[in-house]
Each structure stands twice: as C-alpha cells, then as structure tokens.
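> For reference, the file model-v1.txt (compact mmCIF, C-alpha atoms) is included below:
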# COMPACT_ATOMS: atom_id res chain seq x y z
CA MET A 1 35.72 58.18 142.17
CA ASP A 2 36.92 61.67 141.33
CA PHE A 3 37.85 62.00 137.65
CA THR A 4 38.40 65.19 135.68
CA PRO A 5 38.31 64.73 131.88
CA THR A 6 41.36 66.04 130.05
CA LEU A 7 40.97 68.88 127.58
CA ALA A 8 41.38 66.40 124.72
CA ARG A 9 38.45 64.33 125.99
CA ARG A 10 36.33 67.43 126.52
CA LEU A 11 37.06 68.66 123.00
CA ALA A 12 36.23 65.26 121.54
CA ALA A 13 32.91 65.29 123.39
CA GLU A 14 32.10 68.79 122.13
CA GLY A 15 33.02 67.98 118.54
CA ILE A 16 31.15 64.68 118.38
CA GLY A 17 28.14 66.06 120.21
CA THR A 18 27.88 69.07 117.91
CA ALA A 19 28.27 66.86 114.84
CA LEU A 20 25.45 64.58 116.00
CA LEU A 21 23.27 67.59 116.77
CA LEU A 22 23.69 68.95 113.24
CA ALA A 23 23.11 65.52 111.75
CA ALA A 24 19.81 65.46 113.64
CA VAL A 25 18.84 69.01 112.62
CA VAL A 26 19.62 68.59 108.93
CA GLY A 27 18.74 64.91 108.61
CA SER A 28 15.32 65.29 110.21
CA GLY A 29 14.66 68.29 108.00
CA ILE A 30 15.40 66.27 104.88
CA MET A 31 13.34 63.29 106.04
CA GLY A 32 10.46 65.47 107.18
CA GLU A 33 10.31 67.32 103.88
CA ARG A 34 10.43 64.10 101.88
CA LEU A 35 7.65 62.43 103.85
CA ALA A 36 5.41 65.47 104.34
CA GLY A 37 4.19 65.57 100.75
CA GLY A 38 4.60 69.32 100.48
CA ASN A 39 3.06 70.10 103.88
CA THR A 40 5.59 72.46 105.43
CA ALA A 41 3.91 72.40 108.83
CA VAL A 42 4.30 68.63 109.09
CA ALA A 43 7.93 68.84 107.96
CA LEU A 44 8.65 71.54 110.57
CA LEU A 45 6.92 69.50 113.27
CA ALA A 46 9.10 66.49 112.49
CA ASN A 47 12.21 68.69 112.38
CA SER A 48 11.47 70.37 115.72
CA ILE A 49 10.62 67.17 117.60
CA ALA A 50 13.72 65.38 116.31
CA THR A 51 15.98 68.32 117.12
CA GLY A 52 14.59 68.81 120.63
CA GLY A 53 14.82 65.10 121.39
CA ALA A 54 18.35 64.80 120.06
CA LEU A 55 19.45 67.84 122.03
CA VAL A 56 18.19 66.36 125.31
CA ALA A 57 19.89 63.04 124.62
CA LEU A 58 23.19 64.59 123.58
CA ILE A 59 23.36 66.92 126.59
CA LEU A 60 22.71 63.98 128.92
CA ALA A 61 25.33 61.85 127.14
CA PHE A 62 28.15 64.38 126.77
CA GLY A 63 27.38 66.79 129.58
CA PRO A 64 29.39 64.92 132.24
CA VAL A 65 32.47 65.14 130.01
CA SER A 66 32.46 68.61 128.43
CA GLY A 67 29.46 70.45 129.85
CA ALA A 68 27.66 69.88 126.51
CA HIS A 69 27.85 73.45 125.24
CA PHE A 70 27.57 72.63 121.49
CA ASN A 71 27.31 76.40 120.97
CA PRO A 72 30.09 79.06 120.87
CA LEU A 73 27.87 81.55 122.69
CA VAL A 74 27.32 79.16 125.60
CA THR A 75 31.09 78.64 125.74
CA LEU A 76 31.73 82.40 125.73
CA ALA A 77 29.16 82.87 128.47
CA ALA A 78 30.90 80.21 130.56
CA ALA A 79 34.33 81.83 130.00
CA SER A 80 32.95 85.28 130.84
CA ARG A 81 32.42 84.20 134.44
CA GLY A 82 36.12 84.88 134.94
CA GLY A 83 38.53 83.13 137.24
CA GLY A 84 36.06 82.09 139.90
CA GLY A 85 35.46 78.48 140.81
CA SER A 86 37.76 75.55 141.18
CA SER A 87 40.43 74.75 138.61
CA ARG A 88 38.38 71.74 137.51
CA SER A 89 35.25 73.72 136.58
CA ARG A 90 36.87 76.93 135.35
CA MET A 91 36.59 77.74 131.63
CA SER A 92 39.71 79.61 130.52
CA TRP A 93 39.71 81.72 127.39
CA GLY A 94 42.19 79.33 125.79
CA ASP A 95 39.89 76.38 126.43
CA ALA A 96 36.95 78.45 125.18
CA LEU A 97 38.70 79.10 121.86
CA ALA A 98 39.45 75.40 121.47
CA TYR A 99 35.82 74.56 122.28
CA MET A 100 34.55 76.97 119.64
CA LEU A 101 36.85 75.59 116.96
CA VAL A 102 35.77 71.99 117.53
CA GLN A 103 32.13 73.06 117.71
CA LEU A 104 32.40 74.65 114.28
CA CYS A 105 34.27 71.68 112.83
CA GLY A 106 31.77 69.27 114.37
CA ALA A 107 28.83 71.25 113.01
CA VAL A 108 30.25 71.22 109.48
CA LEU A 109 30.96 67.49 109.72
CA GLY A 110 27.42 66.84 110.95
CA VAL A 111 25.93 68.61 107.94
CA ALA A 112 28.08 66.56 105.56
CA VAL A 113 27.08 63.31 107.25
CA ALA A 114 23.39 64.20 107.13
CA ASP A 115 23.51 65.09 103.44
CA LEU A 116 25.44 61.93 102.58
CA MET A 117 22.99 59.74 104.50
CA PHE A 118 20.29 60.94 102.10
CA ASP A 119 22.44 60.54 98.98
CA LEU A 120 22.97 64.29 98.54
CA PRO A 121 26.24 66.14 97.95
CA ALA A 122 28.12 66.57 101.22
CA PHE A 123 28.10 70.34 100.79
CA SER A 124 26.01 72.67 98.63
CA PRO A 125 25.43 76.38 99.37
CA SER A 126 21.91 76.96 100.63
CA GLN A 127 19.48 79.00 98.55
CA HIS A 128 17.04 79.40 101.46
CA ALA A 129 16.79 83.16 102.04
CA ARG A 130 16.41 84.22 105.69
CA GLN A 131 16.61 87.99 105.83
CA GLY A 132 14.73 90.99 107.12
CA PHE A 133 13.94 92.57 110.47
CA GLY A 134 11.61 89.78 111.58
CA GLN A 135 14.24 87.10 111.05
CA LEU A 136 16.91 89.04 112.93
CA LEU A 137 14.58 89.96 115.78
CA SER A 138 13.64 86.29 116.00
CA GLU A 139 17.27 85.25 116.31
CA GLY A 140 17.90 87.83 119.02
CA VAL A 141 14.85 86.66 120.95
CA ALA A 142 15.63 82.97 120.43
CA THR A 143 19.22 83.33 121.65
CA PHE A 144 18.21 85.56 124.54
CA GLY A 145 15.72 82.92 125.64
CA LEU A 146 18.16 80.04 125.20
CA LEU A 147 20.78 81.68 127.42
CA ALA A 148 18.05 82.65 129.89
CA VAL A 149 16.98 79.01 130.16
CA ILE A 150 20.59 77.87 130.65
CA TRP A 151 21.44 80.60 133.18
CA GLY A 152 18.16 80.21 135.02
CA CYS A 153 18.35 76.44 135.30
CA SER A 154 21.97 76.53 136.43
CA ARG A 155 21.30 79.19 139.07
CA GLN A 156 18.43 77.22 140.56
CA ARG A 157 20.26 73.88 140.29
CA ALA A 158 17.47 72.41 138.15
CA PRO A 159 17.40 68.57 138.13
CA SER A 160 18.21 68.38 134.42
CA PRO A 161 18.71 71.49 132.27
CA ALA A 162 18.89 69.15 129.26
CA PHE A 163 15.10 68.81 129.15
CA ALA A 164 14.57 72.56 129.53
CA VAL A 165 17.01 73.35 126.72
CA GLY A 166 15.57 70.69 124.39
CA ALA A 167 12.02 71.85 125.07
CA TYR A 168 12.91 75.51 124.49
CA ILE A 169 14.59 74.85 121.13
CA ALA A 170 11.71 72.63 119.98
CA ALA A 171 9.28 75.41 120.91
CA GLY A 172 11.51 78.01 119.27
CA TYR A 173 11.03 76.31 115.91
CA TRP A 174 7.43 77.40 116.16
CA PHE A 175 7.32 80.75 117.94
CA THR A 176 10.17 82.45 116.04
CA ALA A 177 10.22 83.33 112.35
CA SER A 178 13.82 82.10 112.07
CA THR A 179 13.10 78.68 113.66
CA ALA A 180 15.46 79.50 116.56
CA VAL A 181 18.92 78.75 115.18
CA ALA A 182 20.43 80.54 118.22
CA ASN A 183 23.92 79.19 117.56
CA PRO A 184 26.69 80.67 115.33
CA ALA A 185 28.24 77.27 114.58
CA VAL A 186 24.86 75.91 113.55
CA ALA A 187 24.14 78.96 111.39
CA ILE A 188 27.45 78.61 109.54
CA ALA A 189 27.07 74.87 109.06
CA ARG A 190 23.49 75.14 107.84
CA SER A 191 24.63 77.53 105.10
CA LEU A 192 26.42 74.53 103.57
CA THR A 193 23.30 72.45 102.87
CA ASP A 194 20.67 73.32 100.28
CA THR A 195 17.94 71.44 102.12
CA PHE A 196 14.97 72.19 104.40
CA SER A 197 17.20 73.44 107.23
CA GLY A 198 19.51 75.56 105.09
CA ILE A 199 20.37 79.23 105.52
CA ARG A 200 21.66 81.29 102.62
CA PRO A 201 25.36 82.08 103.24
CA GLU A 202 24.92 85.83 102.78
CA ASP A 203 22.32 85.87 105.56
CA VAL A 204 24.57 84.21 108.15
CA PRO A 205 26.60 87.27 109.34
CA ALA A 206 23.46 89.18 110.33
CA PHE A 207 22.11 86.06 112.08
CA ILE A 208 25.29 85.77 114.12
CA ALA A 209 25.24 89.46 115.05
CA ALA A 210 21.66 89.12 116.31
CA GLN A 211 22.60 85.99 118.25
CA ILE A 212 25.52 87.74 119.95
CA ILE A 213 23.29 90.64 120.98
CA GLY A 214 20.67 88.29 122.40
CA ALA A 215 23.20 86.19 124.31
CA THR A 216 24.94 89.25 125.73
CA ALA A 217 21.68 90.82 126.87
CA SER A 218 20.59 87.60 128.57
CA THR A 219 23.92 87.17 130.37
CA VAL A 220 23.90 90.77 131.60
CA LEU A 221 20.29 90.44 132.74
CA PHE A 222 20.95 87.33 134.81
CA ARG A 223 23.96 88.86 136.47
CA TRP A 224 21.57 91.56 137.70
CA LEU A 225 18.53 89.33 138.18
CA VAL A 226 20.44 86.88 140.37
CA PRO A 227 23.00 89.10 142.15
CA GLU A 228 24.43 86.20 144.17
CA LEU A 229 25.76 84.82 140.86
CA ALA A 230 29.14 86.51 141.35
CA ARG A 231 29.48 85.18 144.90
CA ARG A 232 28.51 81.66 143.84
CA THR A 233 31.05 81.73 141.05
CA GLU A 234 33.81 82.79 143.44
CA HIS A 235 33.06 79.77 145.63
CA GLY A 236 32.90 77.29 142.76
CA ALA A 237 29.16 76.63 142.90
CA GLU A 238 28.52 77.19 139.21
CA PRO A 239 28.04 74.40 136.65
CA ASP A 240 30.42 74.43 133.69
CA GLY A 241 27.86 74.73 130.91
CA ILE A 242 24.42 73.45 129.96
CA ALA A 243 25.05 70.35 132.02
CA ASP A 244 26.89 70.13 135.32
CA SER A 245 30.66 70.40 135.35
CA PRO A 246 32.59 67.26 134.33
CA ALA A 247 33.96 66.65 137.80
CA LYS A 248 30.61 67.05 139.54
CA GLY A 249 28.87 64.76 137.06
CA VAL A 250 31.33 61.96 137.80
CA GLU A 251 31.42 62.56 141.53
CA ARG A 252 27.67 62.05 141.84
CA ARG A 253 27.90 58.67 140.15
CA GLY A 254 30.84 57.55 142.28
Translate this file's structure into structure tokens.

Amino acid sequence: MDFTPTLARRLAAEGIGTALLLAAVVGSGIMGERLAGGNTAVALLANSIATGGALVALILAFGPVSGAHFNPLVTLAAASRGGGGSSRSRMSWGDALAYMLVQLCGAVLGVAVADLMFDLPAFSPSQHARQGFGQLLSEGVATFGLLAVIWGCSRQRAPSPAFAVGAYIAAGYWFTASTAVANPAVAIARSLTDTFSGIRPEDVPAFIAAQIIGATASTVLFRWLVPELARRTEHGAEPDGIADSPAKGVERRG
C-alpha cells in the first residue's frame, strides 16, 4: 500500500517525537542526579544511555511518518537539497519552517513535562553556565559529527541510521565538553530547566552559532566527499531525513 502522510501528520510526528526526546534528556538527567549520590560521572552515564536509547526508539517510531528530524539543522539540511527528488520526498522551505516551529514547541513542551514528572516547576531559567572556547568548539564538533553520521548513513543506505545516530549522541555526551547538544531546539528548551541538563539562557546564542557552523561544514563536506549526491537527489534516491522518507517506509511494509 502506497501512503504519503499529510503535512499535518508529519508535523504531529515531529512535535511529539521532539517532546518525548526532551522528556528523556531532561528526565533522565534529573533521575540520574538524584540517584547518583553526588557522583557526576554516574549521573552523566545514566543521562547518556537514556538519551541514546530514546533517540533510537523515537527515530524508529516516527521516522516512517516525518523522517524523524527532531532537529532544525537536520531539517535545514534536508531542505537545502533543493527541488530534486519526487514530490513525496521533497522538503520545501515552507515545510521546513513548519517543521522547525513544531520542533521548538515540542522541545519546550518536553522540558515542562519532564520537570513536572519530578514535581519541579514546569519552567525555571537554568543557572548552569556553559561558556568558553572549549564549549563552543565542542558544539561545532558534535554537530559536525551528527550531520556526518546522518549524511554518511543516508548516502550508503545503511540498514538503520537510527542506531548510528543514537550511538553517536550517547558517545558525544562523553567525548565533548558540552555533552553534544547539537540541536538549536534542544539548546533553547534546555535553557528553561534549572536541572542537570540545563544550559544558561545567555549561553544559548553562542551554542546555536557553533551548531550552525558545524552543520554547514558537514553538509558542504559530504557534497564534495560523495559527488554523486547531487545526481542521486535529482533522481529521487535520497531519504527525507534521519530515517527513510515517509513514502518509502510505508512501501517497504506493504
């Protein structure tokens, strides 16, 4: 059966998926910190495992509907491919804007839900300072790597990019000083919770700038590294996001 999700369904999937992702990020941070008895390494381990696992599950669940971007930079990268591909898999700039809006709204909702689940105020500005060259370099590297994993897996038609993305983010918690936020919507939302995962609001703009630089560099690199990318796009062989395009995901199950 050939079924193409409407824009409304795709936006719902993006919003709900992003909300659940943030609930996992913030909620596991709170739980980890409470149970770790002051051991930050144990709290971070719990936070990274829960986030990576949730990301895999959410991409698998929502990917066939929306592509499971959950990240404005992934959406912009998909839209930057231009008008190539079939009408079903093409990401227009109008759709991209709608995606980014629901991603941000979903991220903010996810933070509120996580805080409320642990009997905390829904929103409270974070006091967790994340500034300095090391933090910004980390965000650039983390976002560069995230887009590299997504582009690389999609070019090679990897069996399930969800596992690669989840594994990379879980690892990024440990090999970057910033714990690999790598997502503007996540950075903004995490500024609204004064918990383990929080980011001080005044530090967010620089984080986002570093993320944009990293994502742009990765996208440019892969357009050169895999020169057949442009030709594949013109013939509709590109997936729509982290997961395969909505239409292709349904067609394989039919």
> Which residues are close to Phe133 (chain A), i.e. within 12 Å by only C-alpha atoms, leaving aside same-chain residues fewer than 4 positions away? Reply as a list of chain:residue names.
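Once the adjacent positions are removed, what remains is A:Leu137, A:Ser138, A:Glu139, A:Gly140, A:Ala177, A:Ser178, A:Asp203, A:Ala206, A:Phe207, A:Ala210.
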> So that I can check the surroundings of Thr216 (chain A), please list as a PyMOL selection string every protein, DNA and RNA residue that reaches within 10 Å of it, counting only C-alpha atoms and ignoring chain neighbours fewer than 6 positions away.
chain A and resi 73+76-77+140+143-144+147+210
> From the set A:Ser218, A:Ser126, A:Gln135, A:Thr6, which residue has the shortest atom-to-atom contact distance to Thr193 (chain A), counting all atoms listed in the file?
A:Ser126
> Interatomic distance between CA of Gln131 (chain A) and CA of Ala43 (chain A)?
21.1 Å
> Counting all atoms listed in the file, which of A:Cys105, A:Leu22, A:Leu116, A:Leu97 gets nearest to Leu55 (chain A)?
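So, comparing all the options, the nearest one is A:Leu22.
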> With 5 Å added on each side, what axis-aligned box encloses every listed atom of region 34-39 of chain A? Give the centre and edge lengths in Å to one decimal, as lines of an AutoDock Vina configuration file.

center_x = 6.7
center_y = 66.3
center_z = 102.4
size_x = 17.4
size_y = 17.7
size_z = 13.9
> CA of Ala114 (chain A) to CA of Gly27 (chain A): how many Å, to one decimal?
4.9 Å
> What does the distance between CA of Leu101 (chain A) and CA of Ala182 (chain A) come to in Å, to one decimal place?
17.2 Å
> Could you check the closest approach to Ala187 (chain A) for each of A:Pro72, A:Gly166, A:Pro227, A:Gly52 and tell me which residue wins, using only C-alpha atoms?
A:Pro72
> Can you list, as a PyMOL selection string, every protein, DNA or RNA residue that comes within 12 Å of Arg190 (chain A) when you count only C-alpha atoms, leaving out same-chain residues fewer than 2 positions away?
chain A and resi 19+21-27+29+104+107-112+114-115+122-130+181+183-188+192-204+207
> Given the choices A:Ala79, A:Ile16, A:Met117, A:Ala171, which gets closest to Leu44 (chain A) if the distance is worked out from all atoms listed in the file?
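Checking each of A:Ala79, A:Ile16, A:Met117, A:Ala171 against Leu44 (chain A), counting all atoms listed in the file, the winner is A:Ala171.
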> Check the smallest atom-to-atom distance from each of A:Ala215, A:Val226, A:Ala167, A:Ala180 to Ile49 (chain A) using only C-alpha atoms, then report the winner.
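Under the stated criterion, the closest residue is A:Ala167.
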> For each of A:Ile30, A:Asn39, A:Trp93, A:Ile169, take the minimum atom-to-atom distance to Asp119 (chain A), counting all atoms listed in the file, then give the residue where this is smallest.
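Nearest candidate to Asp119 (chain A) out of A:Ile30, A:Asn39, A:Trp93, A:Ile169: A:Ile30.
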> Mind filling out region 125-160 of chain A with N, CA and C atoms and sending it as a PDB file, keeping the file's coordinate frame?

ATOM      1  N   PRO A 125      25.881  75.119  98.779  1.00  0.00           N
ATOM      2  CA  PRO A 125      25.430  76.380  99.370  1.00  0.00           C
ATOM      3  C   PRO A 125      23.902  76.478  99.384  1.00  0.00           C
ATOM      4  N   SER A 126      23.361  76.855 100.503  1.00  0.00           N
ATOM      5  CA  SER A 126      21.910  76.960 100.630  1.00  0.00           C
ATOM      6  C   SER A 126      21.367  78.125  99.811  1.00  0.00           C
ATOM      7  N   GLN A 127      20.187  77.938  99.266  1.00  0.00           N
ATOM      8  CA  GLN A 127      19.480  79.000  98.550  1.00  0.00           C
ATOM      9  C   GLN A 127      18.289  79.508  99.357  1.00  0.00           C
ATOM     10  N   HIS A 128      18.179  79.056 100.608  1.00  0.00           N
ATOM     11  CA  HIS A 128      17.040  79.400 101.460  1.00  0.00           C
ATOM     12  C   HIS A 128      17.264  80.768 102.099  1.00  0.00           C
ATOM     13  N   ALA A 129      16.607  81.789 101.546  1.00  0.00           N
ATOM     14  CA  ALA A 129      16.790  83.160 102.040  1.00  0.00           C
ATOM     15  C   ALA A 129      16.150  83.331 103.413  1.00  0.00           C
ATOM     16  N   ARG A 130      16.909  83.899 104.340  1.00  0.00           N
ATOM     17  CA  ARG A 130      16.410  84.220 105.690  1.00  0.00           C
ATOM     18  C   ARG A 130      16.932  85.621 106.020  1.00  0.00           C
ATOM     19  N   GLN A 131      16.165  86.613 105.653  1.00  0.00           N
ATOM     20  CA  GLN A 131      16.610  87.990 105.830  1.00  0.00           C
ATOM     21  C   GLN A 131      15.438  88.854 106.275  1.00  0.00           C
ATOM     22  N   GLY A 132      15.762  90.057 106.706  1.00  0.00           N
ATOM     23  CA  GLY A 132      14.730  90.990 107.120  1.00  0.00           C
ATOM     24  C   GLY A 132      14.674  91.161 108.628  1.00  0.00           C
ATOM     25  N   PHE A 133      14.001  92.222 109.060  1.00  0.00           N
ATOM     26  CA  PHE A 133      13.940  92.570 110.470  1.00  0.00           C
ATOM     27  C   PHE A 133      13.337  91.444 111.316  1.00  0.00           C
ATOM     28  N   GLY A 134      12.266  90.841 110.822  1.00  0.00           N
ATOM     29  CA  GLY A 134      11.610  89.780 111.580  1.00  0.00           C
ATOM     30  C   GLY A 134      12.521  88.612 111.865  1.00  0.00           C
ATOM     31  N   GLN A 135      13.302  88.209 110.872  1.00  0.00           N
ATOM     32  CA  GLN A 135      14.240  87.100 111.050  1.00  0.00           C
ATOM     33  C   GLN A 135      15.304  87.436 112.086  1.00  0.00           C
ATOM     34  N   LEU A 136      15.844  88.653 112.004  1.00  0.00           N
ATOM     35  CA  LEU A 136      16.910  89.040 112.930  1.00  0.00           C
ATOM     36  C   LEU A 136      16.380  89.234 114.340  1.00  0.00           C
ATOM     37  N   LEU A 137      15.196  89.838 114.465  1.00  0.00           N
ATOM     38  CA  LEU A 137      14.580  89.960 115.780  1.00  0.00           C
ATOM     39  C   LEU A 137      14.333  88.579 116.370  1.00  0.00           C
ATOM     40  N   SER A 138      13.886  87.657 115.539  1.00  0.00           N
ATOM     41  CA  SER A 138      13.640  86.290 116.000  1.00  0.00           C
ATOM     42  C   SER A 138      14.910  85.644 116.539  1.00  0.00           C
ATOM     43  N   GLU A 139      16.019  85.844 115.843  1.00  0.00           N
ATOM     44  CA  GLU A 139      17.270  85.250 116.310  1.00  0.00           C
ATOM     45  C   GLU A 139      17.740  85.869 117.619  1.00  0.00           C
ATOM     46  N   GLY A 140      17.543  87.188 117.752  1.00  0.00           N
ATOM     47  CA  GLY A 140      17.900  87.830 119.020  1.00  0.00           C
ATOM     48  C   GLY A 140      17.055  87.294 120.158  1.00  0.00           C
ATOM     49  N   VAL A 141      15.754  87.172 119.927  1.00  0.00           N
ATOM     50  CA  VAL A 141      14.850  86.660 120.950  1.00  0.00           C
ATOM     51  C   VAL A 141      15.154  85.199 121.271  1.00  0.00           C
ATOM     52  N   ALA A 142      15.360  84.392 120.226  1.00  0.00           N
ATOM     53  CA  ALA A 142      15.630  82.970 120.430  1.00  0.00           C
ATOM     54  C   ALA A 142      16.891  82.751 121.244  1.00  0.00           C
ATOM     55  N   THR A 143      17.953  83.504 120.934  1.00  0.00           N
ATOM     56  CA  THR A 143      19.220  83.330 121.650  1.00  0.00           C
ATOM     57  C   THR A 143      19.129  83.894 123.056  1.00  0.00           C
ATOM     58  N   PHE A 144      18.441  85.012 123.217  1.00  0.00           N
ATOM     59  CA  PHE A 144      18.210  85.560 124.540  1.00  0.00           C
ATOM     60  C   PHE A 144      17.510  84.517 125.416  1.00  0.00           C
ATOM     61  N   GLY A 145      16.466  83.917 124.880  1.00  0.00           N
ATOM     62  CA  GLY A 145      15.720  82.920 125.640  1.00  0.00           C
ATOM     63  C   GLY A 145      16.532  81.684 125.942  1.00  0.00           C
ATOM     64  N   LEU A 146      17.331  81.230 124.978  1.00  0.00           N
ATOM     65  CA  LEU A 146      18.160  80.040 125.200  1.00  0.00           C
ATOM     66  C   LEU A 146      19.131  80.264 126.349  1.00  0.00           C
ATOM     67  N   LEU A 147      19.833  81.395 126.328  1.00  0.00           N
ATOM     68  CA  LEU A 147      20.780  81.680 127.420  1.00  0.00           C
ATOM     69  C   LEU A 147      20.042  81.899 128.735  1.00  0.00           C
ATOM     70  N   ALA A 148      18.836  82.469 128.674  1.00  0.00           N
ATOM     71  CA  ALA A 148      18.050  82.650 129.890  1.00  0.00           C
ATOM     72  C   ALA A 148      17.685  81.305 130.503  1.00  0.00           C
ATOM     73  N   VAL A 149      17.303  80.346 129.669  1.00  0.00           N
ATOM     74  CA  VAL A 149      16.980  79.010 130.160  1.00  0.00           C
ATOM     75  C   VAL A 149      18.209  78.362 130.801  1.00  0.00           C
ATOM     76  N   ILE A 150      19.359  78.477 130.129  1.00  0.00           N
ATOM     77  CA  ILE A 150      20.590  77.870 130.650  1.00  0.00           C
ATOM     78  C   ILE A 150      21.006  78.535 131.955  1.00  0.00           C
ATOM     79  N   TRP A 151      21.051  79.888 131.964  1.00  0.00           N
ATOM     80  CA  TRP A 151      21.440  80.600 133.180  1.00  0.00           C
ATOM     81  C   TRP A 151      20.456  80.321 134.305  1.00  0.00           C
ATOM     82  N   GLY A 152      19.164  80.400 133.989  1.00  0.00           N
ATOM     83  CA  GLY A 152      18.160  80.210 135.020  1.00  0.00           C
ATOM     84  C   GLY A 152      18.188  78.825 135.635  1.00  0.00           C
ATOM     85  N   CYS A 153      18.304  77.813 134.787  1.00  0.00           N
ATOM     86  CA  CYS A 153      18.350  76.440 135.300  1.00  0.00           C
ATOM     87  C   CYS A 153      19.603  76.204 136.132  1.00  0.00           C
ATOM     88  N   SER A 154      20.733  76.753 135.695  1.00  0.00           N
ATOM     89  CA  SER A 154      21.970  76.530 136.430  1.00  0.00           C
ATOM     90  C   SER A 154      21.960  77.261 137.763  1.00  0.00           C
ATOM     91  N   ARG A 155      21.346  78.458 137.811  1.00  0.00           N
ATOM     92  CA  ARG A 155      21.300  79.190 139.070  1.00  0.00           C
ATOM     93  C   ARG A 155      20.457  78.466 140.108  1.00  0.00           C
ATOM     94  N   GLN A 156      19.360  77.856 139.635  1.00  0.00           N
ATOM     95  CA  GLN A 156      18.430  77.220 140.560  1.00  0.00           C
ATOM     96  C   GLN A 156      18.735  75.735 140.759  1.00  0.00           C
ATOM     97  N   ARG A 157      19.845  75.270 140.163  1.00  0.00           N
ATOM     98  CA  ARG A 157      20.260  73.880 140.290  1.00  0.00           C
ATOM     99  C   ARG A 157      19.137  72.946 139.847  1.00  0.00           C
ATOM    100  N   ALA A 158      18.555  73.223 138.683  1.00  0.00           N
ATOM    101  CA  ALA A 158      17.470  72.410 138.150  1.00  0.00           C
ATOM    102  C   ALA A 158      17.929  70.962 137.997  1.00  0.00           C
ATOM    103  N   PRO A 159      17.019  69.984 138.203  1.00  0.00           N
ATOM    104  CA  PRO A 159      17.400  68.570 138.130  1.00  0.00           C
ATOM    105  C   PRO A 159      18.095  68.195 136.827  1.00  0.00           C
ATOM    106  N   SER A 160      17.574  68.681 135.692  1.00  0.00           N
ATOM    107  CA  SER A 160      18.210  68.380 134.420  1.00  0.00           C
ATOM    108  C   SER A 160      17.944  69.482 133.406  1.00  0.00           C
TER     109      SER A 160
END
